[in-house]
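Trainee: First, the structure itself, so that you have it in front of you.
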Amino acid sequence: LFGNLYRDNNNSNNSWRSFNESNRERLQDYSHWDLATGLTYSLSESSLAGLKVGYLDGTAEQSFNSQDTSFYSFGTPRVTSEWNLSGYRSDTQQSWNREGDTRYARLHYSTQVNKDVRIGIQYRLEQSKQDLLNSSVISDSSDYDSRWVNGSNFSEYQNRYTLNDTRSGSGERERISQLAQLTAQWKISPKTTITAAATYLGRNTDINSIETVLADRSSFYRNVFNHSGLDSNRSDISVFEDKTLDWNYSSDYWSLQVPVIAEIQFNKTWRWTVGVNRILESWRINEETIATFRRRVRVENGNTTTEENFAERYTAPRERITEQSTDFITSIEAALSDKLSINLLVDPDFSDDYYGDGFRIAQWWLGFKAKL
C-alpha cells in the first residue's frame, strides 16, 4: 500500500497528488492418493519381465483475489487552466476446481544379450479424466483527462473505459498418453559404459467446457483542440452481452528422443558422465468456440442496436508446430569416502541467434549421497 499527497504552500489552485494501492491473495489446496501394484518375473538367468498398474485420484482447488488502484492528478480538473487527471481501478475474483483420476500401466522387459550388452524395452499407457469448474468476477475501469492552454492554443482530451465481466462454467478434460522406449547398454571396457535409447511419447488431449457470461463494456473518447480553428472528435460506445460459450480444444503431441550417455570410471574416486540428447517434437492444435447469445445490446453515439437469440462461431486456424533441439549434460562425481560422495551435474546451453553465438550454464545441480 502506497500513497502521497502534496499541495503548495501558497494555497493557489496548482496542486498535485498520486496514489497507488495493490493487494493480492492466492489460495491453493491439493490432495491425492495413489494405489499401485506390480510384478517382476525372472524368465531366465539373463531376462526379466514386469508389469505395473495403478490408479491415481486427486483434487486441486485454487482461488485468486486482486485489487489495484492507481491515481494521478495535477491541478484540479475543470477548475484550473492546466489540469491533468489519470486513474485506474481493477477488482478480480477467480476460482478454479479440478477433480479427476488417472489409470496407468507399465510393461517392461530386459535381457542380457552377452556379458557386455544389455537391452531393455518398456511401454507405458496413461488415461486421465478431469472435471473442471471455474468462476470469475472482473471489474476494470480507467479514466484520463488532460488540458493544455498556451496563449491562443487550446487542447482538451477525455477518455473513459469500463468493463464488468461475470462468468461461471464447467467442463471436462481427457488425456491419453503412450510411451515406448528401447534402451541398450554396452560395456566398452572395464571403465567405460555407453547407454543409448530411443523414446517415443504420444499425447492426445481433449477439453470441452461451457461458460455462462454476463458482460458489459463501455468506452468514451473526446478530443477538442484549437490551433487554426475549433475541431472536435467524439466517440461513445457501450456493449452488453448475455451469452453462453461452448469451447472445444484438442491437441495431438508426439516427441522422439534419442539420448546417448557415456560413463567413465577413472578410478575409485572419480567418475565422469557426458550425454547428448536429440529431440524432435510436433504439435497439432484445433480450437473452436461457439457463442450463443440470448441478448446483445450495442449503443454507439446514441444509436441502439439490439440482437436476441443468435449464435456466432469462432474457429482458430489449425496449428502445426514442429521443433528440433539438442540437449547436452555432463556430471562429475567424487567419492570422498566409502560412505560419502558428491556429484555436480551441469546442463549448458548453446545459442546461435540474432545476437550471435553464446554459451551459458542453463541449470546445475549439486548432490550428496551418503550410506548409513
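Note on naming: chains are A, B, ... as they come in the C-alpha cells, residues start from 1 per chain, ligands start from 1 in the order shown.
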When you look at A:Asn303 with a cut-off of 10 Å (counting only C-alpha atoms), what residues show up, excluding the ones that are within fewer than 3 positions of it in the same chain? I need them as a list in words.

Mentor: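 Selected residues are Asp236, Ile237, Arg298, Val299 and Glu300 of chain A.
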
Trainee: Convert the current residue selection to file output with N, CA and C atoms, as a tab-separated table (two decimals), in the first residue's frame.

Mentor:
chain	number	residue	atom	x	y	z
A	236	ASP	N	-18.64	7.44	-28.33
A	236	ASP	CA	-19.26	6.91	-27.11
A	236	ASP	C	-19.90	5.57	-27.46
A	237	ILE	N	-19.34	4.47	-26.95
A	237	ILE	CA	-19.79	3.12	-27.30
A	237	ILE	C	-19.96	2.30	-26.03
A	298	ARG	N	-25.95	-2.94	-28.26
A	298	ARG	CA	-24.83	-2.05	-28.58
A	298	ARG	C	-25.36	-0.64	-28.77
A	299	VAL	N	-24.80	0.29	-28.01
A	299	VAL	CA	-25.17	1.71	-28.11
A	299	VAL	C	-23.94	2.47	-28.59
A	300	GLU	N	-24.06	3.10	-29.76
A	300	GLU	CA	-22.93	3.84	-30.33
A	300	GLU	C	-23.39	5.25	-30.67

Trainee: What are the nearest atom pairs, with distances in Å to one decimal, for all residues of stretch 307-368 of chain A that come at most 7 Å from stretch 254-273 of chain A, using only C-alpha atoms, set out by chain and rising residue number as CSV?

Mentor:
residue,atom,partner,partner_atom,distance
A:Thr330,CA,A:Thr273,CA,5.5
A:Ser331,CA,A:Thr273,CA,5.1
A:Ile332,CA,A:Trp272,CA,4.7
A:Glu333,CA,A:Arg271,CA,5.2
A:Ala334,CA,A:Trp270,CA,4.8
A:Ala335,CA,A:Thr269,CA,4.7

Trainee: Take the residues from that selection and put them in a file with N, CA, C and O atoms, as a PDB file, in the first residue's frame.

Mentor:
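Output (out.pdb):
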ATOM      1  N   THR A 330      26.476 -32.928 -18.561  1.00  0.00           N
ATOM      2  CA  THR A 330      27.696 -33.569 -18.087  1.00  0.00           C
ATOM      3  C   THR A 330      27.726 -33.506 -16.567  1.00  0.00           C
ATOM      4  O   THR A 330      27.160 -32.587 -15.964  1.00  0.00           O
ATOM      5  N   SER A 331      28.347 -34.497 -15.958  1.00  0.00           N
ATOM      6  CA  SER A 331      28.445 -34.527 -14.497  1.00  0.00           C
ATOM      7  C   SER A 331      29.771 -35.146 -14.090  1.00  0.00           C
ATOM      8  O   SER A 331      30.359 -35.951 -14.822  1.00  0.00           O
ATOM      9  N   ILE A 332      30.205 -34.752 -12.922  1.00  0.00           N
ATOM     10  CA  ILE A 332      31.426 -35.303 -12.329  1.00  0.00           C
ATOM     11  C   ILE A 332      31.099 -35.719 -10.902  1.00  0.00           C
ATOM     12  O   ILE A 332      30.434 -34.984 -10.170  1.00  0.00           O
ATOM     13  N   GLU A 333      31.489 -36.934 -10.539  1.00  0.00           N
ATOM     14  CA  GLU A 333      31.209 -37.462  -9.208  1.00  0.00           C
ATOM     15  C   GLU A 333      32.517 -37.833  -8.529  1.00  0.00           C
ATOM     16  O   GLU A 333      33.391 -38.467  -9.138  1.00  0.00           O
ATOM     17  N   ALA A 334      32.627 -37.431  -7.269  1.00  0.00           N
ATOM     18  CA  ALA A 334      33.828 -37.722  -6.478  1.00  0.00           C
ATOM     19  C   ALA A 334      33.423 -38.472  -5.219  1.00  0.00           C
ATOM     20  O   ALA A 334      32.528 -38.034  -4.487  1.00  0.00           O
ATOM     21  N   ALA A 335      34.064 -39.612  -4.991  1.00  0.00           N
ATOM     22  CA  ALA A 335      33.822 -40.396  -3.779  1.00  0.00           C
ATOM     23  C   ALA A 335      34.774 -39.903  -2.690  1.00  0.00           C
ATOM     24  O   ALA A 335      35.979 -40.172  -2.736  1.00  0.00           O
TER      25      ALA A 335
END

Trainee: When you draw a straight line from atom CA of A:Ser170 to atom CA of A:Leu133, how long is it in Å?

Mentor: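 Pair atom CA of A:Ser170 / atom CA of A:Leu133 returns 4.5 Å.
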
Trainee: Give me the residues within 10 Å of A:Trp364 as a count of residues only, counting only C-alpha atoms and dropping any in the same chain fewer than 4 places off.

Mentor: 8

Trainee: For A:Thr183, please output as a ChimeraX atom specification all residues within 7 Å (counting only C-alpha atoms; exclusion window: fewer than 3 positions along the same chain).

Mentor: /A:119-121,196-198

Trainee: Those residues you just picked out, can you put them in a file as a short mmCIF file (atom, residue, chain, number, x, y, z; two decimals), in the first residue's frame with N, CA, C and O atoms?

Mentor:
data_model
loop_
_atom_site.label_atom_id
_atom_site.label_comp_id
_atom_site.auth_asym_id
_atom_site.auth_seq_id
_atom_site.Cartn_x
_atom_site.Cartn_y
_atom_site.Cartn_z
N ILE A 119 19.85 -55.13 -23.17
CA ILE A 119 18.80 -54.43 -23.90
C ILE A 119 17.52 -54.42 -23.06
O ILE A 119 17.19 -55.41 -22.40
N GLY A 120 16.83 -53.27 -23.09
CA GLY A 120 15.57 -53.13 -22.35
C GLY A 120 14.48 -52.52 -23.19
O GLY A 120 14.74 -51.68 -24.06
N ILE A 121 13.25 -52.93 -22.96
CA ILE A 121 12.08 -52.41 -23.66
C ILE A 121 11.00 -52.10 -22.62
O ILE A 121 10.79 -52.90 -21.69
N ALA A 196 22.47 -46.01 -24.87
CA ALA A 196 21.71 -45.31 -25.92
C ALA A 196 20.26 -45.75 -25.84
O ALA A 196 19.95 -46.87 -25.41
N ALA A 197 19.36 -44.86 -26.26
CA ALA A 197 17.93 -45.15 -26.19
C ALA A 197 17.19 -44.43 -27.30
O ALA A 197 17.70 -43.44 -27.87
N ALA A 198 16.01 -44.91 -27.58
CA ALA A 198 15.07 -44.24 -28.48
C ALA A 198 13.72 -44.24 -27.76
O ALA A 198 13.19 -45.30 -27.42
#

Trainee: Write out as a list in words each polymer residue whose atoms come within 8 Å of stretch 310-320 of chain A, counting only C-alpha atoms; drop sequence neighbours fewer than 6 positions from it.

Mentor: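 That gives Ser282, Trp283, Arg284, Ile285, Asn286, Glu287, Glu288, Thr289, Ile290, Ala291, Thr292, Phe293 and Arg294 of chain A.
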
Trainee: Keeping only all heavy atoms, take the residues you just selected and write them out as a short mmCIF file (atom, residue, chain, number, x, y, z; two decimals), in the first residue's frame.

Mentor:
data_model
loop_
_atom_site.label_atom_id
_atom_site.label_comp_id
_atom_site.auth_asym_id
_atom_site.auth_seq_id
_atom_site.Cartn_x
_atom_site.Cartn_y
_atom_site.Cartn_z
N SER A 282 6.43 -32.43 -32.14
CA SER A 282 5.41 -31.96 -33.08
C SER A 282 4.08 -31.78 -32.35
O SER A 282 3.72 -32.61 -31.51
CB SER A 282 5.24 -32.96 -34.24
OG SER A 282 4.21 -32.56 -35.12
N TRP A 283 3.37 -30.68 -32.66
CA TRP A 283 2.05 -30.39 -32.10
C TRP A 283 1.07 -30.14 -33.24
O TRP A 283 1.42 -29.55 -34.28
CB TRP A 283 2.06 -29.14 -31.22
CG TRP A 283 2.85 -29.20 -29.98
CD1 TRP A 283 2.42 -29.51 -28.73
CD2 TRP A 283 4.24 -28.89 -29.84
NE1 TRP A 283 3.44 -29.43 -27.82
CE2 TRP A 283 4.58 -29.04 -28.48
CE3 TRP A 283 5.24 -28.50 -30.74
CZ2 TRP A 283 5.86 -28.82 -27.99
CZ3 TRP A 283 6.51 -28.28 -30.26
CH2 TRP A 283 6.82 -28.44 -28.90
N ARG A 284 -0.17 -30.55 -33.04
CA ARG A 284 -1.28 -30.18 -33.92
C ARG A 284 -2.43 -29.76 -33.02
O ARG A 284 -2.90 -30.53 -32.17
CB ARG A 284 -1.69 -31.35 -34.81
CG ARG A 284 -2.77 -30.97 -35.82
CD ARG A 284 -3.11 -32.13 -36.73
NE ARG A 284 -3.65 -33.25 -35.97
CZ ARG A 284 -3.93 -34.43 -36.51
NH1 ARG A 284 -3.67 -34.65 -37.78
NH2 ARG A 284 -4.43 -35.39 -35.76
N ILE A 285 -2.92 -28.53 -33.20
CA ILE A 285 -3.89 -27.93 -32.28
C ILE A 285 -5.12 -27.49 -33.06
O ILE A 285 -5.02 -26.81 -34.10
CB ILE A 285 -3.27 -26.73 -31.54
CG1 ILE A 285 -2.05 -27.18 -30.73
CG2 ILE A 285 -4.30 -26.07 -30.63
CD1 ILE A 285 -1.28 -26.04 -30.10
N ASN A 286 -6.30 -27.86 -32.55
CA ASN A 286 -7.58 -27.40 -33.08
C ASN A 286 -8.36 -26.72 -31.95
O ASN A 286 -8.42 -27.23 -30.83
CB ASN A 286 -8.41 -28.57 -33.64
CG ASN A 286 -7.72 -29.24 -34.80
OD1 ASN A 286 -7.18 -28.59 -35.68
ND2 ASN A 286 -7.75 -30.57 -34.82
N GLU A 287 -8.96 -25.58 -32.26
CA GLU A 287 -9.69 -24.83 -31.23
C GLU A 287 -10.91 -24.15 -31.86
O GLU A 287 -10.80 -23.52 -32.92
CB GLU A 287 -8.78 -23.79 -30.59
CG GLU A 287 -9.40 -23.04 -29.44
CD GLU A 287 -8.42 -22.11 -28.76
OE1 GLU A 287 -7.26 -22.05 -29.20
OE2 GLU A 287 -8.84 -21.42 -27.80
N GLU A 288 -12.06 -24.27 -31.19
CA GLU A 288 -13.30 -23.69 -31.70
C GLU A 288 -14.18 -23.26 -30.53
O GLU A 288 -14.26 -23.94 -29.51
CB GLU A 288 -14.05 -24.71 -32.57
CG GLU A 288 -15.36 -24.19 -33.13
CD GLU A 288 -16.12 -25.27 -33.88
OE1 GLU A 288 -16.71 -26.13 -33.20
OE2 GLU A 288 -16.10 -25.25 -35.12
N THR A 289 -14.81 -22.11 -30.68
CA THR A 289 -15.75 -21.59 -29.67
C THR A 289 -17.06 -21.21 -30.35
O THR A 289 -17.06 -20.52 -31.37
CB THR A 289 -15.16 -20.36 -28.95
OG1 THR A 289 -13.92 -20.70 -28.33
CG2 THR A 289 -16.12 -19.85 -27.89
N ILE A 290 -18.15 -21.67 -29.77
CA ILE A 290 -19.49 -21.29 -30.25
C ILE A 290 -20.14 -20.43 -29.16
O ILE A 290 -20.32 -20.87 -28.02
CB ILE A 290 -20.35 -22.52 -30.55
CG1 ILE A 290 -19.71 -23.36 -31.66
CG2 ILE A 290 -21.76 -22.11 -30.95
CD1 ILE A 290 -20.45 -24.64 -31.95
N ALA A 291 -20.44 -19.19 -29.52
CA ALA A 291 -21.08 -18.26 -28.59
C ALA A 291 -22.57 -18.17 -28.92
O ALA A 291 -22.95 -17.76 -30.03
CB ALA A 291 -20.42 -16.89 -28.67
N THR A 292 -23.41 -18.55 -27.96
CA THR A 292 -24.87 -18.47 -28.11
C THR A 292 -25.36 -17.27 -27.31
O THR A 292 -25.28 -17.26 -26.07
CB THR A 292 -25.55 -19.75 -27.63
OG1 THR A 292 -25.01 -20.87 -28.35
CG2 THR A 292 -27.04 -19.69 -27.85
N PHE A 293 -25.87 -16.26 -28.01
CA PHE A 293 -26.29 -15.01 -27.38
C PHE A 293 -27.79 -15.04 -27.09
O PHE A 293 -28.60 -15.28 -27.99
CB PHE A 293 -25.99 -13.83 -28.30
CG PHE A 293 -24.52 -13.52 -28.44
CD1 PHE A 293 -23.75 -14.22 -29.36
CD2 PHE A 293 -23.93 -12.53 -27.68
CE1 PHE A 293 -22.41 -13.94 -29.50
CE2 PHE A 293 -22.58 -12.24 -27.81
CZ PHE A 293 -21.81 -12.95 -28.73
N ARG A 294 -28.13 -14.79 -25.85
CA ARG A 294 -29.53 -14.55 -25.50
C ARG A 294 -29.91 -13.10 -25.80
O ARG A 294 -31.03 -12.81 -26.20
CB ARG A 294 -29.75 -14.90 -24.03
CG ARG A 294 -29.78 -16.39 -23.75
CD ARG A 294 -29.79 -16.71 -22.28
NE ARG A 294 -28.50 -16.41 -21.66
CZ ARG A 294 -27.46 -17.25 -21.68
NH1 ARG A 294 -27.55 -18.41 -22.29
NH2 ARG A 294 -26.33 -16.93 -21.09
#

Trainee: Figure out the distance between atom CA of A:Ser142 and atom CA of A:Tyr72, please, to one decimal in Å.

Mentor: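 Value for the atom CA of A:Tyr72-atom CA of A:Ser142 distance: 11.7 Å.
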
Trainee: Out of A:Ser146, A:Asn23, A:Ser250, A:Gln62, which residue has the shortest atom-to-atom distance to A:Asn223 when counting only C-alpha atoms?

Mentor: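 Smallest distance to A:Asn223 is found for A:Ser146.
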
Trainee: Write down as number ranges by chain the residues of stretch 31-80 of chain A whose backbone DSSP state falls under strand (DSSP E or B).

Mentor: A: 31-42, 47-74

Trainee: Include C-alpha atoms and write out the residues we just selected as a PDB file, in the first residue's frame.

Mentor:
ATOM      1  CA  SER A  31      -4.750 -33.659  -2.260  1.00  0.00           C
ATOM      2  CA  HIS A  32      -4.391 -37.054  -3.933  1.00  0.00           C
ATOM      3  CA  TRP A  33      -3.966 -40.744  -3.285  1.00  0.00           C
ATOM      4  CA  ASP A  34      -2.142 -43.249  -5.475  1.00  0.00           C
ATOM      5  CA  LEU A  35      -2.642 -47.022  -5.422  1.00  0.00           C
ATOM      6  CA  ALA A  36      -0.311 -49.228  -7.470  1.00  0.00           C
ATOM      7  CA  THR A  37       0.787 -52.837  -7.650  1.00  0.00           C
ATOM      8  CA  GLY A  38       3.376 -54.607  -9.762  1.00  0.00           C
ATOM      9  CA  LEU A  39       5.029 -57.908 -10.560  1.00  0.00           C
ATOM     10  CA  THR A  40       8.534 -58.729 -11.784  1.00  0.00           C
ATOM     11  CA  TYR A  41       9.205 -62.193 -13.182  1.00  0.00           C
ATOM     12  CA  SER A  42      12.568 -63.764 -13.965  1.00  0.00           C
ATOM     13  CA  SER A  47      15.997 -61.945 -18.703  1.00  0.00           C
ATOM     14  CA  LEU A  48      13.389 -60.109 -16.624  1.00  0.00           C
ATOM     15  CA  ALA A  49       9.822 -59.039 -17.373  1.00  0.00           C
ATOM     16  CA  GLY A  50       7.484 -56.916 -15.287  1.00  0.00           C
ATOM     17  CA  LEU A  51       4.077 -55.307 -15.139  1.00  0.00           C
ATOM     18  CA  LYS A  52       2.840 -52.388 -13.035  1.00  0.00           C
ATOM     19  CA  VAL A  53      -0.704 -50.977 -12.864  1.00  0.00           C
ATOM     20  CA  GLY A  54      -2.043 -48.125 -10.785  1.00  0.00           C
ATOM     21  CA  TYR A  55      -4.842 -45.689 -10.062  1.00  0.00           C
ATOM     22  CA  LEU A  56      -4.382 -42.034  -9.068  1.00  0.00           C
ATOM     23  CA  ASP A  57      -7.197 -39.832  -7.744  1.00  0.00           C
ATOM     24  CA  GLY A  58      -6.830 -36.189  -6.794  1.00  0.00           C
ATOM     25  CA  THR A  59      -8.438 -32.784  -6.260  1.00  0.00           C
ATOM     26  CA  ALA A  60      -6.982 -29.304  -6.736  1.00  0.00           C
ATOM     27  CA  GLU A  61      -8.610 -26.012  -5.745  1.00  0.00           C
ATOM     28  CA  GLN A  62      -7.314 -22.519  -6.309  1.00  0.00           C
ATOM     29  CA  SER A  63      -8.659 -19.009  -5.757  1.00  0.00           C
ATOM     30  CA  PHE A  64      -7.220 -15.618  -6.639  1.00  0.00           C
ATOM     31  CA  ASN A  65      -8.290 -12.157  -5.491  1.00  0.00           C
ATOM     32  CA  SER A  66      -6.719  -8.941  -6.721  1.00  0.00           C
ATOM     33  CA  GLN A  67      -7.351  -5.238  -6.149  1.00  0.00           C
ATOM     34  CA  ASP A  68      -5.406  -2.483  -7.913  1.00  0.00           C
ATOM     35  CA  THR A  69      -5.907   1.255  -7.673  1.00  0.00           C
ATOM     36  CA  SER A  70      -3.738   3.909  -9.289  1.00  0.00           C
ATOM     37  CA  PHE A  71      -4.395   7.635  -9.431  1.00  0.00           C
ATOM     38  CA  TYR A  72      -2.525  10.744 -10.504  1.00  0.00           C
ATOM     39  CA  SER A  73      -3.737  14.348 -10.555  1.00  0.00           C
ATOM     40  CA  PHE A  74      -2.142  17.690 -11.368  1.00  0.00           C
TER      41      PHE A  74
END

Trainee: Return the single residue from A:Glu21, A:Thr195, A:Leu201, A:Thr244 that is closest to A:Leu214, with distances computed using only C-alpha atoms.

Mentor: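 That would be A:Thr244, the residue with the smallest distance to A:Leu214.
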
Trainee: Rounded to one decimal, what separation in Å do you get between atom CA of A:Ser141 and atom CA of A:Glu25?

Mentor: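 So the answer is 20.5 Å.
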
Trainee: Report as a count of residues only all protein, DNA and RNA residues lying within 7 Å of A:Asp206, evaluated on only C-alpha atoms, omitting residues in the same chain fewer than 3 positions from it.

Mentor: 6

Trainee: Using only C-alpha atoms, which of the listed residues (A:Ile188, A:Leu179, A:Ile194, A:Val137) sits closest to A:Thr166?

Mentor: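 The closest residue to A:Thr166 is A:Val137.
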